[in-house]
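Student: The structure under discussion is supplied below as structure tokens; questions concerning it will follow.
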Amino acid sequence: MLEEFGIEEKLEELAKKVEKEIEPIFQKIEENGMKNSLKVLKAFQKNEIAEMHFGSTTGYGYGDIGRDTIEKVFCDVLKAEDSLVRSQFISGTHALSVTLFALLRPNDTLLSITGKPYDTLDEVIGIKENPSSLKSYGISFEQVELKNNEFDYEEIEKTLKKKNIKLIEIQRSKGYSARKSITIEQLEKAISFIRKIDQKVIIMIDNCYCEFVTDKEPLEVGADIIVGSLIKNLGGGLAPNGAYVAGKKELIQLVAERLTAPGEGKEVGPTLGINKSILQGLFMAPSVVTASLKTAVFASKILEELGYKVEPKFDEKRADIVQTIYFAEKEKLITYCQGIQMGSPVDSNSIPMPWDMPGYSDQVIMAAGTFTQGSSIELSCDGPIRPPYIAFMQGGLTYEYGKLGVLKAIQNMKK
């Protein structure tokens with residue numbers, strides 16, 4: 001059947017074998033998708049979503065009933081006191097940056113307990129020199145490494161008692177590191193531990209790639225504030241840009257005033273016709289995350305069958321939608337990413353190449369033949385060009401399209 005797509009019969013037969021073996025895992029993923037679908041539907045109905053909420057504002061955006069109701073829906077879905085859901089956030093990195101600058105002041109200390117944060121935060125924090133960084137404002141940074149993919153509780157306690165920590169940042173997804181992503185159970189245990197030592201420290205979660213992977217979110221296990229991108233999980237492949245920040249009301253107010261202006265906060269921000277896309281994207285998100293997880297499980301199993309090291313393995317508990325594949329060779333990483341591009345609906349004739357991307361220390365190859373530029377809830381694959389040459393694959397609007405993309409990438413390596 002797949003011959004016309006350039007997939008050889010032997011690979012198609014392997015795919016059929018793999019799908020039979022992973023069917024029980026697919027069933028569990030679908031059950032979780034049903035729970036999250038119910039959660040979203042209830043939030044829509046509670047807030048009486050109607051056609052009037054699809055409207056648009058321009059200029060200052062005063063009195064945008066759609067925008068304000070969207071933020072109430074996100075509060076119900078994420079179990080937050082308040083939220084900020086805006087197209088004025090350019091990316092997840094931007095939302096994280098705004099949040100950090102909103103909550104930290106000169107002489108405060110930021111602590112990461114999942115090692116060094118994602119590469120694009122290096123210049124935000126000041127790990128890499130930048131005159132606009134937190135460091136340039138006199139804000140210090142400390143980090144505690146994970147220990148065997150678990151929180152280093154002994155070192156966390158020492159740091160909290162030794163330093164005056166204002167905010168703890170926890171990045172759940174692995175970023176471009178080789179560590180495992182942080183499960184909701186690990187997060188709950190760590191937050192409980194921190195609260196026994198310090199009741200006041202702000203616990204902020206970078207929740208990118210993790211929403212709807214389980215039926216609980218970080219605010220439900222004690223986090224103060226969470227941040228995520230709308231061109232990842234919660235945008236459902238329909239939101240054209242934007243991000244969200246959700247959590248305690250007083251913290252969201254500070255973030256809103258950093259995004260707009262003191263005294264204006266959440267009251268301004270035109271939606272420019274984006275409301276329907278955000279609402280429809282959130283409505284579709286449980287199904288799209290389900291498809292992304294199934295695509296990741298399929299890729300993990302079939303690539304392991306072909307002899308590649310993968311993380312997580314197909315039957316391991318997942319914390320996010322990201323699947324990593326260790327290629328050990330630069331050429332294989334590049335060829336796999338190029339194959340993902342070939343299996344995409346948009347720009348399938350383009351050939352991605354490594355390049356010096358803003359915010360990254362190494363050259364990066366990025367394959368994303370997506371309807372929204374850079375959307376990583378749509379099937380995409382990327383990786384830094386450095387040993388051990390790991391591909392970070394994520395997304396898939398439907399499982400069928402995700403499967404086709406993975407098979408195309410494998411076939412491209414075989415050539």
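Naming works like this for the structure tokens: A, B, ... for the chains as they're shown, residue 1 at the start of each chain, ligands 1 onward in shown order.
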For the contact check between region 200-313 of chain A and region 42-57 of chain A, emit one row per residue of region 200-313 of chain A within 8 Å, containing the shortest atom pair and the distance in Å rounded to one decimal, counting only C-alpha atoms, chain then rising number order, as a tab-separated table.
Tutor:
```
residue	atom	partner	partner_atom	distance
A:Pro270	CA	A:Thr57	CA	5.0
A:Thr271	CA	A:Thr57	CA	5.4
A:Leu272	CA	A:Ser56	CA	5.3
A:Gly273	CA	A:Ser56	CA	4.6
A:Ile274	CA	A:Ser56	CA	7.2
A:Asn275	CA	A:Phe54	CA	5.2
A:Lys276	CA	A:Phe54	CA	4.7
```
Student: Could you name the residues that touch region 6-22 of chain A at 12 Å or less, counting only C-alpha atoms, but leaving out those on the same chain fewer than 5 positions away, as number ranges by chain?
Tutor: A: 1, 27-29, 293-306, 313-316, 339, 342-343, 399-400, 403-415
Student: Could you write out that same residue set with N, CA and C atoms as a short mmCIF file (atom, residue, chain, number, x, y, z; two decimals), in the first residue's frame?
Tutor:
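What follows is the written file part.cif:
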```cif
data_model
loop_
_atom_site.label_atom_id
_atom_site.label_comp_id
_atom_site.auth_asym_id
_atom_site.auth_seq_id
_atom_site.Cartn_x
_atom_site.Cartn_y
_atom_site.Cartn_z
N MET A 1 0.81 -1.20 0.00
CA MET A 1 0.00 0.00 0.00
C MET A 1 0.86 1.27 0.00
N GLN A 27 -3.96 1.86 23.60
CA GLN A 27 -5.24 1.87 24.30
C GLN A 27 -5.16 2.75 25.55
N LYS A 28 -4.07 2.65 26.29
CA LYS A 28 -3.89 3.48 27.50
C LYS A 28 -3.78 4.95 27.13
N ILE A 29 -3.07 5.25 26.05
CA ILE A 29 -2.94 6.64 25.60
C ILE A 29 -4.31 7.21 25.23
N LEU A 293 1.61 11.22 20.93
CA LEU A 293 2.15 10.17 21.80
C LEU A 293 2.19 8.83 21.07
N LYS A 294 1.16 8.53 20.32
CA LYS A 294 1.13 7.28 19.55
C LYS A 294 2.24 7.27 18.49
N THR A 295 2.45 8.43 17.86
CA THR A 295 3.54 8.54 16.87
C THR A 295 4.88 8.29 17.53
N ALA A 296 5.08 8.86 18.74
CA ALA A 296 6.35 8.70 19.46
C ALA A 296 6.58 7.25 19.86
N VAL A 297 5.52 6.59 20.33
CA VAL A 297 5.64 5.18 20.73
C VAL A 297 5.97 4.32 19.51
N PHE A 298 5.30 4.57 18.39
CA PHE A 298 5.57 3.82 17.16
C PHE A 298 7.02 4.02 16.73
N ALA A 299 7.49 5.28 16.73
CA ALA A 299 8.87 5.58 16.31
C ALA A 299 9.87 4.89 17.24
N SER A 300 9.60 4.94 18.55
CA SER A 300 10.50 4.34 19.52
C SER A 300 10.65 2.84 19.28
N LYS A 301 9.53 2.18 19.06
CA LYS A 301 9.57 0.71 18.88
C LYS A 301 10.22 0.31 17.56
N ILE A 302 9.85 0.96 16.47
CA ILE A 302 10.37 0.53 15.17
C ILE A 302 11.86 0.86 15.04
N LEU A 303 12.29 1.99 15.60
CA LEU A 303 13.71 2.35 15.53
C LEU A 303 14.55 1.46 16.44
N GLU A 304 13.98 1.05 17.57
CA GLU A 304 14.68 0.09 18.43
C GLU A 304 14.82 -1.25 17.71
N GLU A 305 13.76 -1.66 17.01
CA GLU A 305 13.82 -2.90 16.22
C GLU A 305 14.93 -2.83 15.17
N LEU A 306 15.20 -1.62 14.67
CA LEU A 306 16.24 -1.43 13.65
C LEU A 306 17.62 -1.22 14.25
N LYS A 313 11.93 4.32 25.90
CA LYS A 313 11.57 3.11 25.17
C LYS A 313 10.05 3.09 25.00
N PHE A 314 9.60 2.29 24.06
CA PHE A 314 8.18 2.32 23.66
C PHE A 314 7.22 2.07 24.82
N ASP A 315 7.64 1.25 25.81
CA ASP A 315 6.73 0.88 26.89
C ASP A 315 7.01 1.61 28.20
N GLU A 316 7.86 2.65 28.15
CA GLU A 316 8.15 3.42 29.35
C GLU A 316 7.10 4.51 29.58
N GLY A 339 14.44 13.23 6.11
CA GLY A 339 13.35 12.31 5.78
C GLY A 339 12.03 12.73 6.40
N MET A 342 10.66 15.28 4.19
CA MET A 342 10.11 14.67 2.97
C MET A 342 8.71 14.09 3.21
N GLY A 343 8.44 13.69 4.44
CA GLY A 343 7.15 13.10 4.77
C GLY A 343 6.13 14.12 5.26
N TYR A 399 -2.19 10.32 14.05
CA TYR A 399 -1.25 9.21 14.11
C TYR A 399 -0.88 8.74 12.70
N GLU A 400 -1.85 8.72 11.80
CA GLU A 400 -1.60 8.22 10.45
C GLU A 400 -0.51 9.05 9.75
N LYS A 403 2.89 8.42 11.51
CA LYS A 403 3.47 7.13 11.09
C LYS A 403 4.11 7.24 9.71
N LEU A 404 3.41 7.88 8.77
CA LEU A 404 3.95 8.04 7.42
C LEU A 404 5.26 8.83 7.44
N GLY A 405 5.31 9.88 8.26
CA GLY A 405 6.52 10.69 8.35
C GLY A 405 7.69 9.90 8.90
N VAL A 406 7.44 9.09 9.93
CA VAL A 406 8.51 8.27 10.53
C VAL A 406 9.02 7.25 9.52
N LEU A 407 8.10 6.59 8.81
CA LEU A 407 8.51 5.60 7.82
C LEU A 407 9.32 6.24 6.69
N LYS A 408 8.93 7.43 6.28
CA LYS A 408 9.65 8.13 5.22
C LYS A 408 11.07 8.45 5.69
N ALA A 409 11.22 8.85 6.96
CA ALA A 409 12.53 9.18 7.49
C ALA A 409 13.43 7.95 7.57
N ILE A 410 12.85 6.83 7.99
CA ILE A 410 13.62 5.58 8.05
C ILE A 410 14.05 5.15 6.65
N GLN A 411 13.12 5.23 5.71
CA GLN A 411 13.41 4.85 4.33
C GLN A 411 14.52 5.75 3.75
N ASN A 412 14.50 7.01 4.11
CA ASN A 412 15.53 7.93 3.62
C ASN A 412 16.90 7.54 4.15
N MET A 413 16.98 7.07 5.39
CA MET A 413 18.26 6.61 5.94
C MET A 413 18.73 5.35 5.22
N LYS A 414 17.78 4.48 4.90
CA LYS A 414 18.14 3.23 4.21
C LYS A 414 18.77 3.52 2.84
N LYS A 415 18.29 4.58 2.18
CA LYS A 415 18.85 4.94 0.87
C LYS A 415 20.30 5.37 0.99
#
```
Student: What does the structure give for the distance between CA of Ser173 (chain A) and CA of Tyr360 (chain A), in Å to one decimal?
Tutor: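 So the two atoms, CA of Ser173 (chain A) and CA of Tyr360 (chain A), lie 17.2 Å apart.
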Student: I want to know what sits within 8 Å of Ile125 (chain A), based on only C-alpha atoms, with residues of the same chain fewer than 2 positions away left out; could you give that as a ChimeraX atom specification?
Tutor: /A:121-123,127-128,133-135,141
Student: What does the structure give for the distance between CA of Leu103 (chain A) and CA of Asn233 (chain A), in Å to one decimal?
Tutor: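 According to the coordinates, CA of Leu103 (chain A) and CA of Asn233 (chain A) are separated by 25.0 Å.
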Student: List every residue of region 75-316 of chain A that DSSP, applied to the backbone of this structure, places in helix (DSSP H, G or I), and write the result as an NGL selection string.
Tutor: :A and (75-78 or 92-103 or 119-125 or 135-137 or 153-162 or 184-197 or 218-221 or 233-235 or 249-259 or 265-267 or 275-305)
Student: Find, counting only C-alpha atoms, the residue in A:Gly247, A:Pro117, A:Gly138, A:Gly236 that gets nearest to Met284 (chain A).
Tutor: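 Looking only at the distances to Met284 (chain A), the closest residue turns out to be A:Gly236.
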Student: Using only C-alpha atoms, find the one residue out of A:Val322, A:Lys200, A:Gly359, A:Glu311 that sits nearest to Glu129 (chain A).
Tutor: A:Gly359
Student: Restricting the calculation to only C-alpha atoms, which member of A:Ala190, A:Leu84, A:Leu219, A:Met357 is positioned closest to Val268 (chain A)?
Tutor: A:Leu84
Student: Residues of region 271-380 of chain A within 10 Å of region 34-40 of chain A: nearest atom pair and distance (Å, one decimal) for each, counting only C-alpha atoms, sorted by chain and number, as a tab-separated table?
Tutor:
```
residue	atom	partner	partner_atom	distance
A:Leu282	CA	A:Val40	CA	7.6
A:Phe283	CA	A:Val40	CA	6.4
A:Met284	CA	A:Ser37	CA	8.2
A:Ala285	CA	A:Ser37	CA	8.2
A:Pro286	CA	A:Ser37	CA	5.5
A:Ser287	CA	A:Ser37	CA	7.5
A:Val289	CA	A:Asn36	CA	9.9
A:Thr290	CA	A:Met34	CA	9.2
```
Student: Tell me which protein, DNA and RNA residues are within 10 Å of Glu188 (chain A), counting only C-alpha atoms, leaving out same-chain ones fewer than 5 positions away, and put them as an MDAnalysis selection string.
Tutor: chainID A and resid 183 193 218:223
Student: With N, CA and C atoms retained, could you export that selection as a PDB file, in the first residue's frame?
Tutor:
```
ATOM      1  N   THR A 183       8.444  13.384  35.193  1.00  0.00           N
ATOM      2  CA  THR A 183       7.049  12.956  35.272  1.00  0.00           C
ATOM      3  C   THR A 183       6.301  13.779  36.312  1.00  0.00           C
ATOM      4  N   PHE A 193       8.790  18.150  48.910  1.00  0.00           N
ATOM      5  CA  PHE A 193      10.076  18.239  49.611  1.00  0.00           C
ATOM      6  C   PHE A 193      10.489  19.703  49.807  1.00  0.00           C
ATOM      7  N   PRO A 218       0.876  20.458  36.512  1.00  0.00           N
ATOM      8  CA  PRO A 218       1.713  20.812  37.670  1.00  0.00           C
ATOM      9  C   PRO A 218       1.035  21.634  38.759  1.00  0.00           C
ATOM     10  N   LEU A 219       0.071  22.500  38.410  1.00  0.00           N
ATOM     11  CA  LEU A 219      -0.603  23.305  39.441  1.00  0.00           C
ATOM     12  C   LEU A 219      -1.401  22.411  40.390  1.00  0.00           C
ATOM     13  N   GLU A 220      -1.793  21.239  39.910  1.00  0.00           N
ATOM     14  CA  GLU A 220      -2.561  20.306  40.736  1.00  0.00           C
ATOM     15  C   GLU A 220      -1.697  19.589  41.755  1.00  0.00           C
ATOM     16  N   VAL A 221      -0.383  19.661  41.590  1.00  0.00           N
ATOM     17  CA  VAL A 221       0.514  18.998  42.554  1.00  0.00           C
ATOM     18  C   VAL A 221       1.369  20.016  43.300  1.00  0.00           C
ATOM     19  N   GLY A 222       0.923  21.290  43.317  1.00  0.00           N
ATOM     20  CA  GLY A 222       1.567  22.263  44.193  1.00  0.00           C
ATOM     21  C   GLY A 222       2.420  23.334  43.562  1.00  0.00           C
ATOM     22  N   ALA A 223       2.590  23.335  42.235  1.00  0.00           N
ATOM     23  CA  ALA A 223       3.376  24.399  41.587  1.00  0.00           C
ATOM     24  C   ALA A 223       2.636  25.724  41.710  1.00  0.00           C
TER      25      ALA A 223
END
```
Student: Can you measure CA of Val213 (chain A) to CA of Glu169 (chain A) for me? One decimal in Å is fine.
Tutor: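 If I compute the distance from CA of Val213 (chain A) to CA of Glu169 (chain A), I get 20.2 Å.
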Student: At a cut-off of 12 Å, using only C-alpha atoms, what residues contact Ile194 (chain A)? Leave out same-chain residues fewer than 4 positions from it and give the result as a PyMOL selection string.
Tutor: chain A and resi 113+151-161+165+167-168+187-190+198-203+222-223
Student: Please report, as a PyMOL selection string, each residue of region 123-208 of chain A to which DSSP assigns strand (DSSP E) when run on this structure's backbone.
Tutor: chain A and resi 140-143+167-171+202-206
Student: Store the residues of this selection in a file with C-alpha atoms, as an mmCIF file, in the first residue's frame.
Tutor:
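In the end it all went to result.cif:
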```cif
data_model
loop_
_atom_site.group_PDB
_atom_site.id
_atom_site.type_symbol
_atom_site.label_atom_id
_atom_site.label_comp_id
_atom_site.auth_asym_id
_atom_site.auth_seq_id
_atom_site.Cartn_x
_atom_site.Cartn_y
_atom_site.Cartn_z
ATOM 1 C CA SER A 140 21.976 35.560 40.365
ATOM 2 C CA PHE A 141 21.598 32.052 38.989
ATOM 3 C CA GLU A 142 22.291 28.678 40.586
ATOM 4 C CA GLN A 143 21.672 25.196 39.256
ATOM 5 C CA LEU A 167 12.318 31.331 42.485
ATOM 6 C CA ILE A 168 12.873 27.681 41.594
ATOM 7 C CA GLU A 169 12.588 26.805 37.903
ATOM 8 C CA ILE A 170 11.847 23.213 36.864
ATOM 9 C CA GLN A 171 12.035 22.320 33.177
ATOM 10 C CA ILE A 202 8.068 30.527 44.019
ATOM 11 C CA ILE A 203 8.017 27.221 42.121
ATOM 12 C CA MET A 204 7.779 27.823 38.364
ATOM 13 C CA ILE A 205 7.374 24.990 35.861
ATOM 14 C CA ASP A 206 8.398 25.082 32.210
#
```
Student: Considering only C-alpha atoms, can you say which of A:Tyr389, A:Phe74, A:Tyr137, A:Tyr60 comes closest to Glu331 (chain A)?
Tutor: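 Closest residue, counting only C-alpha atoms: A:Tyr389.
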Student: Excluding Ala178 (chain A) and residues on its chain fewer than 6 positions from it, collect all residues at most 10 Å away from it, counting only C-alpha atoms, and give them as a list in words.
Tutor: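 These residues fall inside the cut-off: Asn149, Glu311, Thr324, Tyr326, Pro388 and Ile390 of chain A.
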Student: Rank A:Ile321, A:Ile385, A:Val346, A:Val85 by their smallest atom-to-atom distance to Phe371 (chain A), using only C-alpha atoms, and report the top residue only.
Tutor: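 Distance minimum relative to Phe371 (chain A) lands on A:Val346.
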Student: Residues within 7 Å of Gln394 (chain A), please, as a PyMOL selection string. Count only C-alpha atoms; anything in the same chain fewer than 6 positions from it doesn't count.
Tutor: chain A and resi 292+296+321-323+376-377+379-381
Student: Could those residues be written to a file, using C-alpha atoms, as a compact mmCIF listing (two decimals), in the first residue's frame?
Tutor:
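What ended up in out.txt:
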```txt
# COMPACT_ATOMS: atom_id res chain seq x y z
CA SER A 292 1.62 12.70 19.02
CA ALA A 296 6.35 8.70 19.46
CA ILE A 321 5.62 14.16 23.56
CA VAL A 322 9.35 14.16 22.73
CA GLN A 323 11.08 11.04 21.36
CA SER A 376 6.29 21.28 17.22
CA ILE A 377 2.89 19.76 17.91
CA LEU A 379 5.41 16.33 13.26
CA SER A 380 8.88 17.83 13.50
CA CYS A 381 12.40 16.70 14.25
```
